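These notes are about the structure you will find just below.
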Amino acid sequence: MNSLRILAAGMIWLGSVSQAAPQGITIPTKRDLKFAFGSEKIRGVNLGGWLVLEPWITPSFFEATPDNVVDEYTLTQTLGAKEASTRLEQHWSTWITADELRDIASKGLNFVRIPVGYWSVTPLPGDPYLDGGYRYLGMALDWASDNNLKVMIDLHGAPGSQNGLDNSGRRGTITWIQGDTVSQTLTALNKLRDDFASHPAVASIELLNEPMSPSLDMDTVRRFMTEGANNLQGSSVAIAFHDAFLGPTRWNDWGAASASSSLLLDTHHYEVFDNGQLQMSVHQHVGSACGFGRTMEASNKWTISGEFSGALTDCAKWLNGRGVGARYDGTFNYNGQSSSFIAACDGKSPGSVDNLPEAERTNIAEFVAAQMVAYEKAAGWIFWTWKTESAPEWSFKDLANAGIIPQPLSSMNSAVCD
């Protein structure tokens, strides 16, 4: 992290994923970055469930609420501003602290990705959300700087929801790209740029987490990404963008290679949200992860897996959404979709790393190691997430403390994908 990358002067074209660049779209690219992307590997964790709530990460926060509370929108709507403020301030001030950032650094990590919702940055009239989390973002940047950690600020939720998932702040219908939602999203990104791009810890800003391509007009999404990237030019940050579930190589024709554009492609790899994958053996999971690493390597952008985990099941309580159930034990039921029983979720919903059977600990260790090795064939990885209340397959902190994620990280089996 000690070298600055001096990017070549000039202009680059940003086009569509599959077509030539539209005329007139150019972005200057000469600036210094704060991390040696492409040469130094990103090894990081997400600070999930902090400034954007997710019921499965902190189920205790939601258990004392009515069943209609399924995300941060319905939580603040149901509790009202006063009660929601009391509960959220307690959560914000305790879930992630300076001590947590010191612990992250002590585990050999060099990056944190911090999800934040638009409502914390540029709140909109009529929304029930509270915006008090924004000051904690600023505090986290200072804590990161104190511990020689770099930060990717990730716009995790857009107005109208870009994916209909609770992690966008509002579960249900996707209405992003309708009305003024795109311009509102760009306004939030511009404020993040103006407030934080010059902070010494901020090495990247991500345009938007997980836009759901099957439900969105991708021409509009690409135009949004182009304008968002243009707006970040002139700042000393890598411009991160999610692959919209299209895969890393589908973006090779959008924008120039990273050495001349500072574009950082973020792809997320999970193997638990499909009935077929859930029935795979650990050796099949390892092979799949290693193969995905080779796909990442074929991208012409700096490419990271900005989310992955040790999960081999979807058993974590409310992982698929509050009240939805799990595919693994056959209780999944959402929008007419169901699943068949594979095995019981005992010890994992809720559960703890300490109570995992030895065979499961071994399987998780092998799967995590394969992913870390595979993704470092590209630009690196950011584990989802740093900690959870009761989802053992997803907590880097607990997995590392138990030795399931090797400490030091350099002791991992580097030949696992050979």
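Residue numbering restarts at 1 in every chain; chains get A, B, ... in the order shown in the structure tokens, and ligands count up from 1 in that same order.
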
Using only C-alpha atoms, which residues sit within 8 Å of Leu75 (chain A) once same-chain residues fewer than 5 positions away are excluded, as number ranges by chain? A: 62, 65, 69-70, 84

Could you give me the residues within region 21-173 of chain A that DSSP places in strand (DSSP E or B), as a list in words?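 DSSP on the backbone gives strand (DSSP E or B) at Thr26, Ile27, Pro28, Asp32, Ile42, Arg43, Gly44, Val45, Asn46, Phe111, Val112, Arg113, Ile114, Pro115, Val116, Gly117, Lys150, Val151, Met152, Ile153, Asp154, Leu155, His156 and Gly157 of chain A.
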
With only C-alpha atoms as the basis for distance, which of A:Gly133, A:Gly293, A:Gly108, A:Gly117 is at the shortest distance from Ile96 (chain A)?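 Using only C-alpha atoms, the shortest distance to Ile96 (chain A) belongs to A:Gly133.
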
Which residues come within 9 Å of region 377-391 of chain A, counting only C-alpha atoms, excluding same-chain residues fewer than 6 positions away, as a ChimeraX atom specification? /A:37-49,56-60,104,111-113,264,293-299,302-310,315-317,319,348-353,371,397-398

Just to confirm, what's the straight-line distance from CA of Ala197 (chain A) to CA of Ala105 (chain A) in Å (one decimal)?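 Computing the Euclidean distance for CA of Ala197 (chain A) and CA of Ala105 (chain A) yields 21.5 Å.
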
So how many Å separate CA of Leu155 (chain A) and CA of Val52 (chain A), to one decimal?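 These atoms are spaced 9.9 Å apart.
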
Need to verify the contact set: Val282 (chain A), 7 Å, only C-alpha atoms, exclusion of same-chain residues closer than 4 positions in sequence. Can you return it as an MDAnalysis selection string? chainID A and resid 286 363 367

If we count only C-alpha atoms, what is near Ser414 (chain A) at a cut-off of 9 Å, once residues fewer than 2 positions away on the same chain are taken out, given as a PyMOL selection string? chain A and resi 369-370+372-374+410-412+416-418

Can you write just those residues out, all heavy atoms, as a compact mmCIF listing (two decimals), in the first residue's frame?
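Result written to selection03.txt:
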```txt
# COMPACT_ATOMS: atom_id res chain seq x y z
N ALA A 369 -10.42 -21.17 1.74
CA ALA A 369 -9.06 -21.10 1.21
C ALA A 369 -9.06 -21.12 -0.31
O ALA A 369 -8.32 -20.38 -0.96
CB ALA A 369 -8.23 -22.25 1.77
N ALA A 370 -9.89 -21.98 -0.90
CA ALA A 370 -9.97 -22.06 -2.36
C ALA A 370 -10.39 -20.73 -2.95
O ALA A 370 -9.84 -20.27 -3.97
CB ALA A 370 -10.94 -23.16 -2.78
N MET A 372 -10.12 -17.65 -1.58
CA MET A 372 -9.10 -16.62 -1.42
C MET A 372 -7.97 -16.80 -2.43
O MET A 372 -7.52 -15.83 -3.06
CB MET A 372 -8.56 -16.66 0.01
CG MET A 372 -9.55 -16.20 1.06
SD MET A 372 -8.86 -16.30 2.73
CE MET A 372 -10.18 -15.54 3.68
N VAL A 373 -7.52 -18.02 -2.61
CA VAL A 373 -6.46 -18.30 -3.57
C VAL A 373 -6.94 -17.98 -4.99
O VAL A 373 -6.23 -17.35 -5.78
CB VAL A 373 -5.99 -19.75 -3.47
CG1 VAL A 373 -5.09 -20.13 -4.64
CG2 VAL A 373 -5.26 -19.97 -2.14
N ALA A 374 -8.15 -18.41 -5.32
CA ALA A 374 -8.68 -18.21 -6.66
C ALA A 374 -8.84 -16.73 -6.99
O ALA A 374 -8.47 -16.27 -8.07
CB ALA A 374 -10.03 -18.92 -6.81
N SER A 410 -1.04 -15.80 5.10
CA SER A 410 -0.01 -16.36 4.22
C SER A 410 0.15 -17.87 4.39
O SER A 410 0.80 -18.52 3.58
CB SER A 410 1.33 -15.68 4.46
OG SER A 410 1.73 -15.81 5.83
N SER A 411 -0.44 -18.41 5.46
CA SER A 411 -0.32 -19.86 5.69
C SER A 411 -1.38 -20.67 4.97
O SER A 411 -1.40 -21.90 5.08
CB SER A 411 -0.39 -20.15 7.20
OG SER A 411 -1.68 -19.82 7.71
N MET A 412 -2.26 -20.02 4.21
CA MET A 412 -3.28 -20.76 3.48
C MET A 412 -2.63 -21.63 2.40
O MET A 412 -1.52 -21.36 1.94
CB MET A 412 -4.32 -19.81 2.86
CG MET A 412 -3.82 -19.04 1.64
SD MET A 412 -5.10 -17.99 0.90
CE MET A 412 -5.22 -16.65 2.10
N VAL A 416 -4.30 -25.04 -3.58
CA VAL A 416 -5.63 -25.64 -3.55
C VAL A 416 -6.30 -25.62 -4.92
O VAL A 416 -7.13 -26.49 -5.23
CB VAL A 416 -6.51 -24.94 -2.48
CG1 VAL A 416 -6.78 -23.49 -2.87
CG2 VAL A 416 -7.81 -25.68 -2.26
N CYS A 417 -5.99 -24.64 -5.77
CA CYS A 417 -6.61 -24.56 -7.09
C CYS A 417 -5.72 -25.10 -8.21
O CYS A 417 -6.08 -24.96 -9.40
CB CYS A 417 -6.99 -23.11 -7.40
SG CYS A 417 -8.44 -22.51 -6.48
N ASP A 418 -4.60 -25.68 -7.87
CA ASP A 418 -3.72 -26.22 -8.90
C ASP A 418 -4.28 -27.52 -9.48
O ASP A 418 -5.00 -28.25 -8.81
CB ASP A 418 -2.32 -26.47 -8.33
CG ASP A 418 -1.62 -25.17 -7.98
OD1 ASP A 418 -2.13 -24.10 -8.40
OD2 ASP A 418 -0.60 -25.23 -7.27
```

Looking only at the backbone, which of the residues in region 131-298 of chain A does DSSP tag as helix (DSSP H, G or I), as a PyMOL selection string? chain A and resi 134-146+166-168+181-196+213-215+218-232+248-251+258-260+275-278+282-297

A:His156, A:His199, A:Lys191, A:Arg222 ranked by distance to Ile177 (chain A), top pick (using only C-alpha atoms):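 Nearest candidate to Ile177 (chain A) out of A:His156, A:His199, A:Lys191, A:Arg222: A:Arg222.
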
Two-atom distance - CA of Asp67 (chain A), CA of Ala343 (chain A) (Å):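 Those two atoms sit 26.4 Å apart.
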
Give me the residues near Gln337 (chain A) as a PyMOL selection string, where near means some atom within 10 Å (using only C-alpha atoms) and where sequence neighbours in that chain fewer than 5 positions away do not count. chain A and resi 324+327+332

Can I get the selected residues back with C-alpha atoms, as a compact mmCIF listing (two decimals), in the first residue's frame?
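Okay, this is what ended up in again.txt:
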```txt
# COMPACT_ATOMS: atom_id res chain seq x y z
CA VAL A 324 -38.74 -16.88 4.00
CA ARG A 327 -33.68 -24.07 0.75
CA PHE A 332 -37.98 -21.91 1.70
```

Nearest to Asp329 (chain A) by atom-to-atom distance, counting only C-alpha atoms, from A:Asp346, A:Asp195, A:Asp274, A:Asp103: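 Among the listed residues, A:Asp346 lies closest to Asp329 (chain A).
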
I'd like to know which of A:Gln162, A:Gln90, A:Asn231, A:Asn401 is closest to Ser106 (chain A), using only C-alpha atoms. A:Asn401
